[in-house]
Number of protein chains: 2
Amino acid sequence: MATSTRGRIDKRQAILGGAFAVFARLGYAQACVQDIADEAGVAKPTVYNHMTDKATLFRHAVEAASQAALDARIGALAPLADPGDDLAGALEDVAHALLRLHTDERSCALKRLLHSEITRFPDLLDVVTGSGPHHLTRALADRLARLALSGRLRAADPDLAAEQFLALLLGPLEARSRLGTRPIGETELHDMARATVCTFMRAWGQDTP
Amino acid sequence: MATSTRGRIDKRQAILGGAFAVFARLGYAQACVQDIADEAGVAKPTVYNHMTDKATLFRHAVEAASQAALDARIGALAPLADPGDDLAGALEDVAHALLRLHTDERSCALKRLLHSEITRFPDLLDVVTGSGPHHLTRALADRLARLALSGRLRAADPDLAAEQFLALLLGPLEARSRLGTRPIGETELHDMARATVCTFMRAWGQDTP
DNA sequence: GTGGATTTGAACTCATGGGTTCAATGTAGT
DNA sequence: ACTACATTGAACCCATGAGTTCAAATCCAC
């Protein structure tokens with residue numbers, strides 16, 4: 001047939017990718033395995049050749065997407081390693097990058113899937129605590145602790161500072177994006193990043209200017 | 001006995017209540033109408049006597065629960081109408097009340113349902129924008145504007161202040177409650193409220209004390 | 001009581017979809 | 001070329017559950 005089956009390419013990747021795409025589009029219950037197989041360009045028995053269940057298929061797909069999202073987010077913290085002499089500017093860059101990463105299609109879908117299926121798949125909590133906001137908070141706290149040590153931020157409680165920075169940044173997202181159904185314009189993202197950094201520096205910047 | 005259709009109205013409430021309970025427990029797709037009828041203490045045809053669809057049943061149940069949640073949350077802002085001379089204390093009371101309201105069983109279930117079914121029921125967005133965080137933010141912004149007028153807060157942008165207060169307060173909830181699957185202790189709630197108010201006052205309190 | 005509407009249980013129809021089977025058809029490695 | 005295995009399409013089995021039908025039971029106003 002004219003299908004794209006080229007030898008022994010690892011179909012597993014195609015299946016996981018297609019699975020996440022379909023789950024993201026339809027949710028767990030509404031996604032049927034045939035749709036996933038079609039999306040992956042693969043026959044249905046092939047899916048069951050690699051994954052025993054629809055459930056484990058879901059788990060693996062979410063796990064992979066979750067890990068990828070975490071890597072990207074932690075990577076976005078890089079400018080804080082050497083912020084130069086414009087700390088607020090570096091924070092704003094990081095804030096904007098994080099906003100972009102949290103508003104893209106896959107991230108919104110991932111968040112929806114986690115929220116909706118967490119009762120049916122309680123073991124996804126391990127994936128979340130392993131790659132969810134907790135790890136990102138810790139990574140950010142590490143950066144902030146360094147900055148506090150060099151006297152550019154209040155020294156007290158970098159964990160709390162990181163938690164509040166992310167809260168200030170990402171909290172308004174839900175309402176503004178209408179639960180992730182509305183894209184947010186680039187200028188609005190910049191405004192949100194600036195407002196976050198401005199308030200954050202008032203609360204956590206070096207006192208006695 | 002007030003109306004000639006008393007029975008009808010009673011059953012309708014029971015059905016809506018049971019529907020929300022079952023939807024909250026199982027999600028939309030997994031909840032079957034028979035379960036809902038049982039939960040409501042009613043026969044299945046009676047459900048279809050009041051609601052044409054499983055879908056409209058879901059809509060009405062979510063709408064009712066959403067409205068109730070909004071009323072409670074806006075009610076929790078009351079102490080800000082007359083905060084006395086301890087503004088931080090009043091803010092902390094409000095913060096704590098809001099945290100309690102956002103962590104109870106029904107609120108978590110409601111949030112899960114909205115996130116998971118928003119793609120299948122886009123019209124629920126109207127319910128959300130009508131009774132979701134947006135209205136709460138506006139109500140809080142009104143209170144903060146009054147306080148700013150009397151010189152007890154920075155005057156600039158009460159809308160932003162309200163948005164950031166709620167973000168600081170509710171943003172950390174997601175990670176701490178593990179997506180709503182873990183109850184948060186009373187002392188931890190108090191700590192969160194205090195940390196929020198402390199940071200909020202540093203950023204938005206009257207400058208030059 | 002009586003009559004009209006409502007509720008009820010049980011059985012029914014029908015569509016969906018998870019998971020399997022199987023014979024035919026590649027595809028690798030040797 | 002030959003063998004061992006992966007893949008494929010199509011059909012199949014079977015559980016689940018939405019929505020309906022209907023006769024019997026129940027309720028309410030008058």
# chains A, B, ... in the order shown; residues from 1 in each chain; ligands from 1
$ interface_residues --of "chain C" --to "chain A" --cutoff "10 Å" --atoms "only C-alpha atoms (C1' of nucleotides)" --output "ChimeraX atom specification"
/C:16-20,26-28
$ write_last_selection --atoms "C-alpha atoms (C1' of nucleotides)" --output "PDB file, in the first residue's frame"
ATOM      1  C1'  DT C  16     -19.864   3.136  20.291  1.00  0.00           C
ATOM      2  C1'  DG C  17     -15.630   1.394  21.187  1.00  0.00           C
ATOM      3  C1'  DG C  18     -12.017  -1.694  23.748  1.00  0.00           C
ATOM      4  C1'  DG C  19      -9.623  -5.578  22.771  1.00  0.00           C
ATOM      5  C1'  DT C  20      -8.760  -9.951  19.981  1.00  0.00           C
ATOM      6  C1'  DG C  26       6.016  -6.897   4.344  1.00  0.00           C
ATOM      7  C1'  DT C  27      10.796  -6.480   6.335  1.00  0.00           C
ATOM      8  C1'  DA C  28      15.428  -7.838   8.490  1.00  0.00           C
TER       9       DA C  28
END
$ calpha_fit_rmsd --fixed "chain B" --moving "chain A"
3.2 Å
$ residues_around --residues "DC30 in chain D" --least-positions-apart "3" --cutoff "12 Å" --atoms "only C-alpha atoms (C1' of nucleotides)" --output "JSON, numbers by chain"
{"C": [1, 2, 3, 4]}
$ residues_around --residues "DT8 in chain D" --least-positions-apart "2" --cutoff "12 Å" --atoms "only C-alpha atoms (C1' of nucleotides)" --output "ChimeraX atom specification"
/A:1,3,5,37,41-47 /C:22-26 /D:6,10
$ interface_residues --of "chain D" --to "chain B" --cutoff "8 Å" --atoms "only C-alpha atoms (C1' of nucleotides)" --output "ChimeraX atom specification"
/D:17-18,28-29
$ write_last_selection --atoms "N, CA and C atoms (P, O5', C5', C4', C3', O3' and C1' of nucleotides)" --output "PDB file, in the first residue's frame"
ATOM      1  P    DG D  17     -20.935   2.232  32.017  1.00  0.00           P
ATOM      2  O5'  DG D  17     -21.850   3.199  31.169  1.00  0.00           O
ATOM      3  C5'  DG D  17     -21.354   3.793  29.982  1.00  0.00           C
ATOM      4  C4'  DG D  17     -22.501   4.213  29.098  1.00  0.00           C
ATOM      5  C3'  DG D  17     -23.732   4.748  29.860  1.00  0.00           C
ATOM      6  O3'  DG D  17     -24.232   5.864  29.179  1.00  0.00           O
ATOM      7  C1'  DG D  17     -24.381   3.105  28.354  1.00  0.00           C
ATOM      8  P    DA D  18     -24.867   7.117  29.992  1.00  0.00           P
ATOM      9  O5'  DA D  18     -25.635   7.927  28.852  1.00  0.00           O
ATOM     10  C5'  DA D  18     -24.936   8.279  27.671  1.00  0.00           C
ATOM     11  C4'  DA D  18     -25.880   8.264  26.488  1.00  0.00           C
ATOM     12  C3'  DA D  18     -27.198   9.008  26.696  1.00  0.00           C
ATOM     13  O3'  DA D  18     -27.494   9.769  25.532  1.00  0.00           O
ATOM     14  C1'  DA D  18     -27.628   6.746  26.094  1.00  0.00           C
ATOM     15  P    DC D  28     -47.934  14.790  46.853  1.00  0.00           P
ATOM     16  O5'  DC D  28     -48.848  15.828  46.096  1.00  0.00           O
ATOM     17  C5'  DC D  28     -48.677  15.996  44.693  1.00  0.00           C
ATOM     18  C4'  DC D  28     -49.814  16.804  44.115  1.00  0.00           C
ATOM     19  C3'  DC D  28     -50.579  17.634  45.136  1.00  0.00           C
ATOM     20  O3'  DC D  28     -50.741  18.958  44.656  1.00  0.00           O
ATOM     21  C1'  DC D  28     -52.062  16.185  43.949  1.00  0.00           C
ATOM     22  P    DA D  29     -51.433  20.072  45.621  1.00  0.00           P
ATOM     23  O5'  DA D  29     -52.752  20.399  44.780  1.00  0.00           O
ATOM     24  C5'  DA D  29     -52.637  20.638  43.379  1.00  0.00           C
ATOM     25  C4'  DA D  29     -54.002  20.660  42.722  1.00  0.00           C
ATOM     26  C3'  DA D  29     -55.019  21.570  43.406  1.00  0.00           C
ATOM     27  O3'  DA D  29     -55.814  22.225  42.410  1.00  0.00           O
ATOM     28  C1'  DA D  29     -55.843  19.343  43.390  1.00  0.00           C
TER      29       DA D  29
END
$ interface_residues --of "chain B" --to "chain A" --cutoff "7 Å" --atoms "only C-alpha atoms" --output "PyMOL selection string"
chain B and resi 29+112-113+115-116+133-134+163-164+167-168+171-172+175+179+199+202-203
$ closest_residue --among "B:Pro79, B:Gly17, B:Gly89, B:Gly151" --to "Ala65 in chain B" --atoms "only C-alpha atoms"
B:Gly17
$ closest_residue --among "B:Gln13, B:Gln67, B:Thr103, B:Asn49" --to "Arg182 in chain B" --atoms "only C-alpha atoms"
B:Thr103
$ atom_distance --atom1 "CA of Asp82 in chain A" --atom2 "CA of Ala156 in chain A"
20.8 Å
